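Peer 1: I am sharing model-v9.cif, which consists of mmCIF, C-alpha atoms (C1' of nucleotides):
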```cif
data_input
#
loop_
_atom_site.label_atom_id
_atom_site.label_comp_id
_atom_site.auth_asym_id
_atom_site.auth_seq_id
_atom_site.Cartn_x
_atom_site.Cartn_y
_atom_site.Cartn_z
CA MET F 6 32.96 -11.47 -12.29
CA ALA F 7 34.99 -12.02 -15.44
CA ARG F 8 33.78 -14.46 -18.02
CA ALA F 9 35.84 -17.60 -18.25
CA THR F 10 36.51 -17.12 -21.91
CA GLU F 11 38.30 -13.82 -21.63
CA PRO F 12 41.60 -13.37 -19.82
CA THR F 13 41.31 -12.39 -16.19
CA GLY F 14 43.45 -9.40 -15.29
CA ALA F 15 45.31 -11.05 -12.47
CA GLY F 16 45.29 -14.49 -13.96
CA ALA F 17 46.83 -13.33 -17.21
CA GLY F 18 50.06 -12.26 -15.57
CA VAL F 19 50.31 -15.40 -13.51
CA GLY F 20 49.64 -17.55 -16.52
CA ALA F 21 52.31 -15.87 -18.60
CA ARG F 22 54.79 -16.31 -15.78
CA ILE F 23 54.02 -19.99 -15.46
CA ARG F 24 54.41 -20.53 -19.16
CA ALA F 25 57.74 -18.70 -19.14
CA LEU F 26 59.02 -20.81 -16.25
CA ARG F 27 57.84 -24.02 -17.83
CA GLU F 28 59.47 -23.27 -21.17
CA ALA F 29 62.66 -22.11 -19.48
CA ARG F 30 62.86 -25.59 -17.98
CA GLY F 31 62.12 -27.26 -21.27
CA LEU F 32 59.03 -28.97 -19.91
CA SER F 33 56.05 -29.78 -22.07
CA LEU F 34 52.62 -28.78 -20.97
CA SER F 35 51.66 -32.41 -20.51
CA THR F 36 54.64 -33.32 -18.35
CA LEU F 37 54.28 -30.33 -16.07
CA ALA F 38 50.59 -31.05 -15.71
CA ALA F 39 51.42 -34.63 -14.79
CA GLU F 40 54.07 -33.60 -12.26
CA ALA F 41 51.70 -31.10 -10.74
CA GLY F 42 48.92 -33.65 -10.68
CA ILE F 43 46.47 -31.46 -12.56
CA GLY F 44 44.73 -31.84 -15.89
CA LYS F 45 46.70 -30.59 -18.85
CA GLY F 46 43.62 -28.83 -20.14
CA SER F 47 43.52 -26.93 -16.86
CA LEU F 48 47.15 -25.96 -17.22
CA SER F 49 46.65 -24.83 -20.80
CA GLU F 50 43.79 -22.54 -19.91
CA LEU F 51 45.61 -21.37 -16.84
CA GLU F 52 48.67 -20.36 -18.85
CA THR F 53 46.63 -18.54 -21.45
CA GLY F 54 44.90 -16.56 -18.73
CA ARG F 55 41.49 -18.05 -19.36
CA ARG F 56 41.17 -19.42 -15.84
CA ASN F 57 40.97 -17.96 -12.42
CA PRO F 58 42.95 -20.61 -10.60
CA THR F 59 42.43 -21.95 -7.13
CA LEU F 60 45.02 -21.66 -4.39
CA GLU F 61 45.39 -25.41 -4.43
CA THR F 62 46.06 -25.40 -8.18
CA LEU F 63 48.62 -22.64 -7.84
CA TYR F 64 50.52 -24.57 -5.20
CA ALA F 65 50.35 -27.69 -7.31
CA VAL F 66 51.97 -25.87 -10.22
CA ALA F 67 54.53 -23.90 -8.23
CA THR F 68 55.96 -26.99 -6.54
CA PRO F 69 57.33 -28.90 -9.53
CA LEU F 70 58.58 -25.63 -10.97
CA GLY F 71 60.64 -25.24 -7.83
CA VAL F 72 59.58 -21.69 -7.18
CA PRO F 73 57.74 -20.12 -4.28
CA LEU F 74 54.16 -19.34 -5.04
CA ALA F 75 54.93 -15.70 -4.47
CA ALA F 76 57.23 -15.80 -7.48
CA LEU F 77 54.31 -16.72 -9.69
CA LEU F 78 52.20 -13.88 -8.43
CA ASP F 79 55.03 -11.48 -8.62
CA ASP F 80 52.42 -9.26 -7.30
CA HIS F 81 53.91 -5.94 -8.17
CA ASP F 82 50.80 -4.48 -6.91
CA GLY F 83 50.57 -5.82 -3.46
CA ALA F 84 49.23 -2.37 -3.63
CA VAL F 85 51.25 -1.16 -0.73
CA VAL F 86 51.47 2.21 -2.32
CA GLY F 87 50.23 3.78 -5.45
CA ASP F 88 50.67 7.47 -5.87
CA GLU F 89 50.73 8.25 -9.54
CA GLY F 90 53.40 6.11 -11.13
CA VAL F 91 54.75 4.64 -7.92
CA VAL F 92 54.74 0.95 -7.13
CA ALA F 93 56.22 -0.45 -3.97
CA THR F 94 56.27 -4.20 -3.56
CA ARG F 95 57.05 -5.57 -0.16
CA VAL F 96 59.38 -8.45 -0.80
CA ARG F 97 60.24 -9.48 2.69
CA VAL F 98 59.33 -8.68 6.26
CA VAL F 99 61.29 -9.90 9.23
CA ARG F 100 59.83 -9.36 12.65
CA GLU F 101 62.18 -9.61 15.59
CA PRO F 102 61.53 -8.84 19.25
CA ASP F 103 63.32 -5.51 19.06
CA ARG F 104 62.81 -4.41 15.47
CA THR F 105 61.05 -5.03 12.17
CA THR F 106 62.95 -5.07 8.90
CA GLU F 107 61.11 -4.60 5.64
CA VAL F 108 62.42 -4.92 2.11
CA TYR F 109 60.63 -3.18 -0.73
CA LEU F 110 61.14 -3.17 -4.43
CA LEU F 111 60.47 0.41 -5.41
CA ARG F 112 59.53 1.49 -8.91
CA LEU F 113 58.91 5.09 -9.92
CA ALA F 114 57.77 6.10 -13.36
CA PRO F 115 59.80 8.88 -15.04
CA GLY F 116 59.41 12.07 -13.06
CA ALA F 117 57.26 10.38 -10.41
CA GLU F 118 57.77 11.14 -6.76
CA ARG F 119 57.20 9.18 -3.59
CA VAL F 120 56.85 11.34 -0.54
CA SER F 121 56.97 9.79 2.92
CA PRO F 122 56.01 11.55 6.10
CA ALA F 123 58.40 11.28 9.02
CA HIS F 124 58.53 7.78 10.45
CA PRO F 125 58.90 7.24 14.19
CA VAL F 126 62.27 8.10 15.69
CA GLY F 127 64.92 5.47 15.16
CA VAL F 128 63.67 4.27 11.78
CA GLU F 129 66.45 3.90 9.28
CA GLU F 130 66.18 3.51 5.54
CA GLN F 131 68.63 2.26 2.98
CA LEU F 132 68.36 2.39 -0.75
CA VAL F 133 70.24 0.52 -3.46
CA VAL F 134 69.52 1.86 -6.91
CA LEU F 135 69.03 -0.77 -9.60
CA VAL F 136 68.08 1.23 -12.66
CA GLY F 137 67.58 4.85 -13.66
CA SER F 138 68.43 8.06 -11.92
CA GLY F 139 66.82 10.57 -9.61
CA PHE F 140 67.12 12.18 -6.22
CA VAL F 141 66.45 11.37 -2.63
CA GLU F 142 65.64 14.16 -0.23
CA HIS F 143 66.02 13.70 3.49
CA GLY F 144 66.68 17.07 5.03
CA ASP F 145 70.16 18.00 3.80
CA GLY F 146 69.03 18.85 0.28
CA PRO F 147 68.60 16.51 -2.66
CA VAL F 148 71.11 13.70 -3.12
CA PRO F 149 71.53 12.45 -6.70
CA LEU F 150 70.96 8.77 -7.42
CA ALA F 151 72.57 6.65 -10.13
CA PRO F 152 72.48 2.92 -10.83
CA GLY F 153 74.42 0.99 -8.20
CA ASP F 154 74.31 3.83 -5.69
CA HIS F 155 73.66 3.20 -2.05
CA VAL F 156 72.15 5.66 0.40
CA ARG F 157 71.42 5.33 4.09
CA PHE F 158 69.58 7.84 6.22
CA ALA F 159 67.44 8.31 9.31
CA ALA F 160 63.80 8.33 8.27
CA ASP F 161 62.43 10.22 11.24
CA ARG F 162 62.11 13.27 9.04
CA PRO F 163 59.93 13.70 5.97
CA HIS F 164 61.72 12.37 2.94
CA ALA F 165 61.08 11.80 -0.73
CA TYR F 166 62.34 9.89 -3.73
CA ARG F 167 62.05 11.42 -7.16
CA ALA F 168 62.75 9.71 -10.48
CA GLY F 169 64.72 11.47 -13.18
CA PRO F 170 63.83 11.42 -16.89
CA ASP F 171 63.98 7.59 -16.82
CA ALA F 172 62.09 5.23 -14.56
CA LEU F 173 63.81 4.63 -11.24
CA GLU F 174 63.99 1.23 -9.66
CA ALA F 175 65.56 0.49 -6.31
CA VAL F 176 65.66 -1.81 -3.33
CA ASN F 177 64.48 -0.10 -0.18
CA VAL F 178 65.29 -1.54 3.25
CA ILE F 179 63.48 -0.06 6.24
CA VAL F 180 64.40 -0.94 9.79
CA THR F 181 61.88 0.02 12.45
CA PRO F 182 62.83 -0.39 16.13
CA VAL F 183 60.39 -1.75 18.71
CA THR F 184 57.45 -3.17 16.71
CA SER F 185 54.24 -1.97 15.24
CA VAL F 186 51.11 -3.73 14.03
CA MET I 8 40.78 -33.13 -4.02
CA ALA I 9 39.90 -32.04 -0.51
CA ARG I 10 36.30 -32.01 0.57
CA ALA I 11 34.89 -28.55 1.08
CA THR I 12 33.91 -29.26 4.63
CA GLU I 13 37.37 -30.05 5.95
CA PRO I 14 40.18 -27.52 6.12
CA THR I 15 42.52 -27.52 3.14
CA GLY I 16 46.19 -27.68 4.11
CA ALA I 17 47.23 -24.64 2.19
CA GLY I 18 44.01 -22.76 2.66
CA ALA I 19 44.12 -23.14 6.42
CA GLY I 20 47.30 -21.10 6.80
CA VAL I 21 46.12 -18.40 4.44
CA GLY I 22 42.79 -18.19 6.20
CA ALA I 23 44.36 -17.80 9.61
CA ARG I 24 46.61 -15.09 8.26
CA ILE I 25 43.70 -13.18 6.81
CA ARG I 26 41.76 -13.39 10.02
CA ALA I 27 44.76 -12.16 11.99
CA LEU I 28 45.23 -9.20 9.67
CA ARG I 29 41.56 -8.34 9.72
CA GLU I 30 41.34 -8.41 13.49
CA ALA I 31 44.56 -6.46 13.85
CA ARG I 32 42.84 -3.70 11.90
CA GLY I 33 39.70 -3.93 13.95
CA LEU I 34 37.56 -4.72 10.93
CA SER I 35 34.46 -6.84 11.15
CA LEU I 36 34.00 -9.73 8.82
CA SER I 37 31.10 -7.97 7.15
CA THR I 38 32.96 -4.73 6.51
CA LEU I 39 36.03 -6.40 5.09
CA ALA I 40 33.84 -8.53 2.87
CA ALA I 41 32.09 -5.41 1.65
CA GLU I 42 35.36 -3.56 1.00
CA ALA I 43 36.71 -6.57 -0.84
CA GLY I 44 33.50 -6.89 -2.78
CA ILE I 45 32.96 -10.53 -1.86
CA GLY I 46 30.23 -12.31 0.08
CA LYS I 47 30.72 -12.38 3.80
CA GLY I 48 29.86 -16.03 3.85
CA SER I 49 32.72 -16.61 1.45
CA LEU I 50 35.08 -14.69 3.69
CA SER I 51 33.95 -16.59 6.76
CA GLU I 52 34.61 -19.96 5.19
CA LEU I 53 37.83 -18.69 3.70
CA GLU I 54 39.13 -17.58 7.09
CA THR I 55 38.21 -20.84 8.77
CA GLY I 56 40.04 -22.77 6.07
CA ARG I 57 36.95 -24.39 4.67
CA ARG I 58 37.42 -22.92 1.20
CA ASN I 59 40.04 -23.23 -1.45
CA PRO I 60 39.99 -19.66 -2.66
CA THR I 61 40.41 -18.39 -6.17
CA LEU I 62 43.21 -16.06 -7.23
CA GLU I 63 40.64 -13.37 -7.86
CA THR I 64 39.23 -13.76 -4.37
CA LEU I 65 42.69 -13.61 -2.82
CA TYR I 66 43.46 -10.38 -4.61
CA ALA I 67 40.13 -8.96 -3.59
CA VAL I 68 40.88 -9.65 0.05
CA ALA I 69 44.54 -8.62 0.02
CA THR I 70 43.85 -5.20 -1.44
CA PRO I 71 41.70 -3.64 1.30
CA LEU I 72 44.01 -5.20 3.87
CA GLY I 73 46.80 -3.21 2.27
CA VAL I 74 49.18 -6.14 2.00
CA PRO I 75 50.77 -7.78 -1.00
CA LEU I 76 49.19 -11.07 -1.85
CA ALA I 77 52.50 -12.79 -1.18
CA ALA I 78 52.19 -11.76 2.47
CA LEU I 79 49.11 -13.92 2.80
CA LEU I 80 50.88 -16.96 1.50
CA ASP I 81 53.39 -17.97 4.20
CA ASP I 82 55.31 -19.54 1.33
CA HIS I 83 58.67 -17.89 1.84
CA ASP I 84 60.82 -20.67 0.63
CA GLY I 85 61.77 -20.29 -2.98
CA ALA I 86 64.97 -22.19 -2.80
CA VAL I 87 66.48 -21.09 -6.06
CA VAL I 88 69.83 -22.18 -4.75
CA GLY I 89 70.69 -24.52 -1.95
CA ASP I 90 74.08 -25.51 -0.75
CA GLU I 91 73.69 -26.88 2.73
CA GLY I 92 71.72 -24.37 4.71
CA VAL I 93 71.81 -21.69 2.05
CA VAL I 94 68.77 -20.35 0.30
CA ALA I 95 68.96 -17.62 -2.30
CA THR I 96 65.73 -16.34 -3.77
CA ARG I 97 65.98 -14.18 -6.83
CA VAL I 98 63.53 -11.42 -6.26
CA ARG I 99 64.13 -9.28 -9.28
CA VAL I 100 66.14 -9.22 -12.49
CA VAL I 101 66.54 -6.17 -14.67
CA ARG I 102 68.15 -6.57 -18.04
CA GLU I 103 69.49 -3.47 -19.73
CA PRO I 104 71.53 -3.17 -22.91
CA ASP I 105 74.75 -2.62 -21.02
CA ARG I 106 74.23 -4.54 -17.78
CA THR I 107 72.08 -6.94 -15.82
CA THR I 108 71.04 -6.24 -12.26
CA GLU I 109 69.86 -9.04 -10.01
CA VAL I 110 68.40 -8.85 -6.54
CA TYR I 111 68.54 -11.85 -4.24
CA LEU I 112 67.18 -12.51 -0.83
CA LEU I 113 69.91 -14.50 0.86
CA ARG I 114 69.36 -16.73 3.84
CA LEU I 115 72.12 -18.69 5.55
CA ALA I 116 71.49 -21.10 8.39
CA PRO I 117 73.67 -20.62 11.50
CA GLY I 118 77.27 -21.33 10.57
CA ALA I 119 76.44 -21.94 6.93
CA GLU I 120 78.66 -20.58 4.21
CA ARG I 121 78.04 -19.55 0.63
CA VAL I 122 81.13 -19.56 -1.52
CA SER I 123 81.12 -17.89 -4.91
CA PRO I 124 83.82 -18.30 -7.52
CA ALA I 125 85.12 -15.16 -9.17
CA HIS I 126 82.56 -13.55 -11.43
CA PRO I 127 83.61 -11.88 -14.69
CA VAL I 128 85.53 -8.64 -14.36
CA GLY I 129 83.37 -5.63 -13.65
CA VAL I 130 80.75 -7.46 -11.61
CA GLU I 131 79.90 -5.63 -8.46
CA GLU I 132 78.01 -6.92 -5.45
CA GLN I 133 76.27 -5.11 -2.64
CA LEU I 134 74.88 -6.55 0.54
CA VAL I 135 72.43 -5.12 3.04
CA VAL I 136 72.15 -7.24 6.17
CA LEU I 137 68.64 -7.71 7.50
CA VAL I 138 69.08 -10.11 10.38
CA GLY I 139 71.87 -11.96 12.14
CA SER I 140 75.60 -11.61 11.94
CA GLY I 141 78.52 -13.11 10.08
CA PHE I 142 81.36 -12.28 7.75
CA VAL I 143 81.94 -11.55 4.12
CA GLU I 144 85.29 -12.36 2.57
CA HIS I 145 86.38 -10.74 -0.63
CA GLY I 146 90.14 -10.68 -0.67
CA ASP I 147 91.10 -8.20 2.05
CA GLY I 148 90.29 -10.57 4.91
CA PRO I 149 86.92 -11.17 6.57
CA VAL I 150 84.64 -8.19 7.11
CA PRO I 151 82.16 -8.55 9.98
CA LEU I 152 78.45 -8.16 9.27
CA ALA I 153 75.74 -6.92 11.62
CA PRO I 154 72.05 -6.09 11.05
CA GLY I 155 71.67 -2.96 8.98
CA ASP I 156 75.20 -3.14 7.60
CA HIS I 157 75.96 -2.41 4.01
CA VAL I 158 78.91 -3.75 2.03
CA ARG I 159 79.94 -3.16 -1.56
CA PHE I 160 82.75 -4.93 -3.37
CA ALA I 161 84.04 -6.04 -6.75
CA ALA I 162 83.06 -9.65 -7.28
CA ASP I 163 85.72 -10.53 -9.82
CA ARG I 164 87.55 -12.41 -7.12
CA PRO I 165 86.36 -15.47 -5.19
CA HIS I 166 84.24 -14.39 -2.25
CA ALA I 167 82.18 -15.93 0.50
CA TYR I 168 79.48 -15.14 3.00
CA ARG I 169 79.48 -16.93 6.32
CA ALA I 170 76.73 -16.81 8.95
CA GLY I 171 77.59 -16.41 12.62
CA PRO I 172 75.91 -18.32 15.44
CA ASP I 173 72.53 -17.02 14.29
CA ALA I 174 70.97 -17.31 10.87
CA LEU I 175 72.01 -14.56 8.51
CA GLU I 176 69.57 -12.88 6.17
CA ALA I 177 70.48 -10.21 3.65
CA VAL I 178 69.60 -8.52 0.41
CA ASN I 179 72.20 -9.13 -2.26
CA VAL I 180 72.38 -6.92 -5.35
CA ILE I 181 74.61 -8.08 -8.21
CA VAL I 182 75.37 -5.88 -11.18
CA THR I 183 76.89 -7.61 -14.21
CA PRO I 184 78.13 -5.49 -17.11
CA VAL I 185 77.55 -6.44 -20.73
CA THR I 186 75.04 -9.28 -20.41
CA SER I 187 75.14 -12.90 -19.56
CA VAL I 188 72.58 -15.70 -19.53
"C1'" DC P 30 10.45 -7.53 28.59
"C1'" DG P 31 10.69 -6.93 23.26
"C1'" DG P 32 12.92 -4.75 19.46
"C1'" DC P 33 16.91 -3.54 16.91
"C1'" DG P 34 21.44 -3.50 15.05
"C1'" DG P 35 25.67 -5.64 15.09
"C1'" DC P 36 28.44 -9.91 14.87
"C1'" DG P 37 29.99 -14.63 12.55
"C1'" DT P 38 28.09 -19.00 10.79
"C1'" DT P 39 25.42 -22.06 7.84
"C1'" DC P 40 22.51 -22.74 4.00
"C1'" DC P 41 21.14 -22.22 -1.04
"C1'" DG P 42 21.19 -21.82 -6.29
"C1'" DT P 43 24.23 -20.53 -9.85
"C1'" DA P 44 28.53 -19.81 -12.12
"C1'" DT P 45 32.82 -21.90 -12.96
"C1'" DA P 46 37.39 -24.48 -12.04
"C1'" DC P 47 38.44 -28.96 -12.30
"C1'" DA P 48 40.06 -33.75 -14.60
"C1'" DG P 49 39.91 -36.12 -18.53
"C1'" DA P 50 38.54 -37.02 -23.30
"C1'" DA P 51 38.46 -35.59 -27.95
"C1'" DC P 52 40.64 -32.75 -31.11
"C1'" DA P 53 43.94 -30.25 -34.52
"C1'" DC P 54 48.49 -29.67 -35.60
"C1'" DT P 55 53.56 -30.65 -36.34
"C1'" DC P 56 57.36 -33.89 -36.73
"C1'" DT P 57 59.75 -38.14 -37.69
"C1'" DA P 58 59.84 -42.91 -39.33
"C1'" DG P 59 58.79 -46.36 -42.29
"C1'" DC V 21 51.70 -41.03 -48.26
"C1'" DT V 22 50.49 -43.07 -43.94
"C1'" DA V 23 51.28 -44.19 -39.08
"C1'" DG V 24 52.62 -42.85 -34.81
"C1'" DA V 25 54.08 -40.01 -31.00
"C1'" DG V 26 54.54 -35.65 -29.60
"C1'" DT V 27 52.76 -30.90 -29.02
"C1'" DG V 28 48.93 -27.47 -27.18
"C1'" DT V 29 43.99 -26.54 -27.70
"C1'" DT V 30 38.92 -27.07 -27.04
"C1'" DC V 31 35.11 -29.70 -25.28
"C1'" DT V 32 32.09 -32.05 -21.45
"C1'" DG V 33 30.24 -33.55 -17.02
"C1'" DT V 34 31.00 -33.09 -12.18
"C1'" DA V 35 32.60 -30.97 -8.00
"C1'" DT V 36 32.84 -26.70 -5.74
"C1'" DA V 37 33.73 -21.49 -4.95
"C1'" DC V 38 30.90 -17.86 -5.37
"C1'" DG V 39 27.27 -14.12 -3.68
"C1'" DG V 40 23.44 -13.57 -1.02
"C1'" DA V 41 19.88 -15.05 2.05
"C1'" DA V 42 18.63 -17.08 6.18
"C1'" DC V 43 19.94 -18.07 10.97
"C1'" DG V 44 21.60 -17.92 15.83
"C1'" DC V 45 23.89 -15.18 19.02
"C1'" DC V 46 24.99 -11.24 21.63
"C1'" DG V 47 24.79 -6.17 23.61
"C1'" DC V 48 22.25 -2.08 23.63
"C1'" DC V 49 18.22 0.86 24.26
"C1'" DG V 50 13.30 1.89 24.98
#
```
Would you mind writing the file's structure down as structure tokens?

Peer 2:
Amino acid sequence: MARATEPTGAGAGVGARIRALREARGLSLSTLAAEAGIGKGSLSELETGRRNPTLETLYAVATPLGVPLAALLDDHDGAVVGDEGVVATRVRVVREPDRTTEVYLLRLAPGAERVSPAHPVGVEEQLVVLVGSGFVEHGDGPVPLAPGDHVRFAADRPHAYRAGPDALEAVNVIVTPVTSV
Amino acid sequence: MARATEPTGAGAGVGARIRALREARGLSLSTLAAEAGIGKGSLSELETGRRNPTLETLYAVATPLGVPLAALLDDHDGAVVGDEGVVATRVRVVREPDRTTEVYLLRLAPGAERVSPAHPVGVEEQLVVLVGSGFVEHGDGPVPLAPGDHVRFAADRPHAYRAGPDALEAVNVIVTPVTSV
DNA sequence: CGGCGGCGTTCCGTATACAGAACACTCTAG
DNA sequence: CTAGAGTGTTCTGTATACGGAACGCCGCCG
């Protein structure tokens, strides 16, 4: 367990995010602490990453900031996937009787590749490229990707995303019929 | 502050979610605790809502479950924007020298409408519909929207999204050249 | 029947997150 | 220059989250 006096890995990121949000709103540490109903000392140490906050504390802080708690975590690991240099954050899942829709934020380091085995029949993927360049492969040879591009394809075959010389970032929407898990 | 022996409001939901995920994977409490590297007593009390877990503990549990921490949090509001029945959560912002790319998760209540004034010239929007139906208007008359649909248009004219009889949920990607804000 | 290995819960002592007080520092006013 | 009100930090005692050790309960096997 990390010592209280040195920044906790996870806590550090959260703390920085809170401080950024607070300052963006022009709030002082004392006022935010008061609005959140927590001690200002607690908030100070929380922001500087010297605390490992409680769920209750996190909610207390997120509320007056007007953001969902998830925004503070901004996970980015969520650790859904982690081949070398690949981070996929699941941003949203919608379960309906006849299908499940998932939204991922996909980030590939320069040259990194994310290979997916074939999904069940009927699964469809869409990709909107945010930053960088690369290729997507889904059977008919590699398709080049540039910022702003949109690709849609059936994912019931093996497919892969590959980043170019720059990091590639994209939104990935996956629609799975029926339902699993 | 809540007593340790009675379920915490927030903690209760998280605990239930963890238990559900664990059982869905057929894991025993002891094994999950071991994989997470936490005491099984801690996990037990966490799942039954009798603990107010620490960020570190939450991460420890989320990781072997293979879900992002945000998935444990039921949160899902975010409310960055809110005309009547409209919620837009900004999920990601990428600032580059020559453009800014923003990703929103858009949710419109049944019949609700989100009207945007014209953005600066060169701004482009894309929409991927996750759930529900509706219309997008961007000059050339209303375009119908169905789950899985993708629309791209120049946003330098006034435009609007309107939900049909069901709630409409979509990913909205906005690319703004130069840089603003 | 007793023993054994699994389960989840409750109990314990220790480490630590908490609220609040005391503190150092920077401004502005008088 | 001093007083005051603001900032964010560090300190202190108490409540509690933590890991780990009982504990009770079940199903299996000898």

Peer 1: Smallest atom-to-atom distance to Glu107 in chain F: which of I:Ala170, I:Leu80, I:Ala40, I:Leu137, using all atoms listed in the file?

Peer 2: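 Ranking I:Ala170, I:Leu80, I:Ala40, I:Leu137 by distance to Glu107 in chain F, first place goes to I:Leu137.
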
Peer 1: I'd like the interatomic distance between CA of Glu120 in chain I and CA of Gly146 in chain I, to a tenth of an Å.

Peer 2: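 Distance reported for this atom pair: 15.9 Å.
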
Peer 1: Closest to DT39 in chain P among I:Tyr168, I:Pro71, I:Lys47, I:Ala153, using all atoms listed in the file?

Peer 2: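 Smallest distance to DT39 in chain P is found for I:Lys47.
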
Peer 1: Pick out the chain P residues within 12 Å of chain I. Count all atoms listed in the file. Give them as a PyMOL selection string.

Peer 2: chain P and resi 35-41+45-48

Peer 1: Fewer than 3 positions away in the same chain doesn't count, so skip those; otherwise give me all residues within 7 Å of range 22-24 of chain I, counting all atoms listed in the file, as a PyMOL selection string.

Peer 2: chain I and resi 18-19+27-28+53-56+79

Peer 1: Please indicate the distance in Å from CA of Arg104 in chain F to CA of Glu142 in chain F, rounded to one decimal place.

Peer 2: 24.5 Å

Peer 1: Written as an NGL selection string, what is the full residue list that the PyMOL selection byres ((chain F and resi 113) around 8) yields on the file shown?

Peer 2: :F and (90-92 or 111-112 or 114-119 or 167-168 or 172-174)

Peer 1: Counting only C-alpha atoms, figure out which residue out of I:Ala78, I:Val150, I:Ala167, I:Ala162 gets nearest to chain F.

Peer 2: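 Using only C-alpha atoms, the shortest distance to chain F belongs to I:Ala78.
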
Peer 1: Counting all atoms listed in the file, what are the residues of chain I within 9 Å of chain V, and for each of them which pair of atoms is the nearest and at what distance in Å, to one decimal? Sort the table by chain and rising number, as a tab-separated table.

Peer 2:
```
residue	atom	partner	partner_atom	distance
I:Arg10	CA	V:DT36	C1'	8.9
I:Ala11	CA	V:DT36	C1'	7.4
I:Ile45	CA	V:DG39	C1'	7.0
I:Gly46	CA	V:DG39	C1'	5.1
I:Lys47	CA	V:DG39	C1'	8.4
I:Gly48	CA	V:DG39	C1'	8.2
I:Ser49	CA	V:DC38	C1'	7.2
I:Arg58	CA	V:DA37	C1'	7.3
I:Asn59	CA	V:DA37	C1'	7.4
I:Pro60	CA	V:DA37	C1'	6.9
I:Thr61	CA	V:DA37	C1'	7.5
```

Peer 1: One number please: CA of Phe142 in chain I to CA of Gly171 in chain I, in Å, one decimal.

Peer 2: 7.4 Å

Peer 1: What residues come out when you apply the PyMOL selection byres ((chain I and resi 65) around 10) to this file, written as a PyMOL selection string?

Peer 2: (chain F and resi 59-60) or (chain I and resi 21+25+43+53+60-64+66-70+76-77+79-80)

Peer 1: Kindly indicate which residue among F:Val72, F:Leu48, F:Ile179, F:Val134 lies nearest to chain I, using only C-alpha atoms for the distances.

Peer 2: F:Val72

Peer 1: Let me know the residues the PyMOL selection byres ((chain F and resi 159) around 12) catches in the file above, as a VMD selection string.

Peer 2: chain F and resid 123 to 132 142 to 145 156 to 158 160 to 164 178 to 182

Peer 1: For chain I, which of F:Gly71, F:Gly18, F:Gly42, F:Gly31 is the closest residue, counting all atoms listed in the file?

Peer 2: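 Nearest to chain I: F:Gly71.
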
Peer 1: Compare I:Val143, I:Leu112, I:Leu152, I:Leu39 by their minimum atom-to-atom distance to chain F, counting only C-alpha atoms, and give me the closest one.

Peer 2: I:Leu112
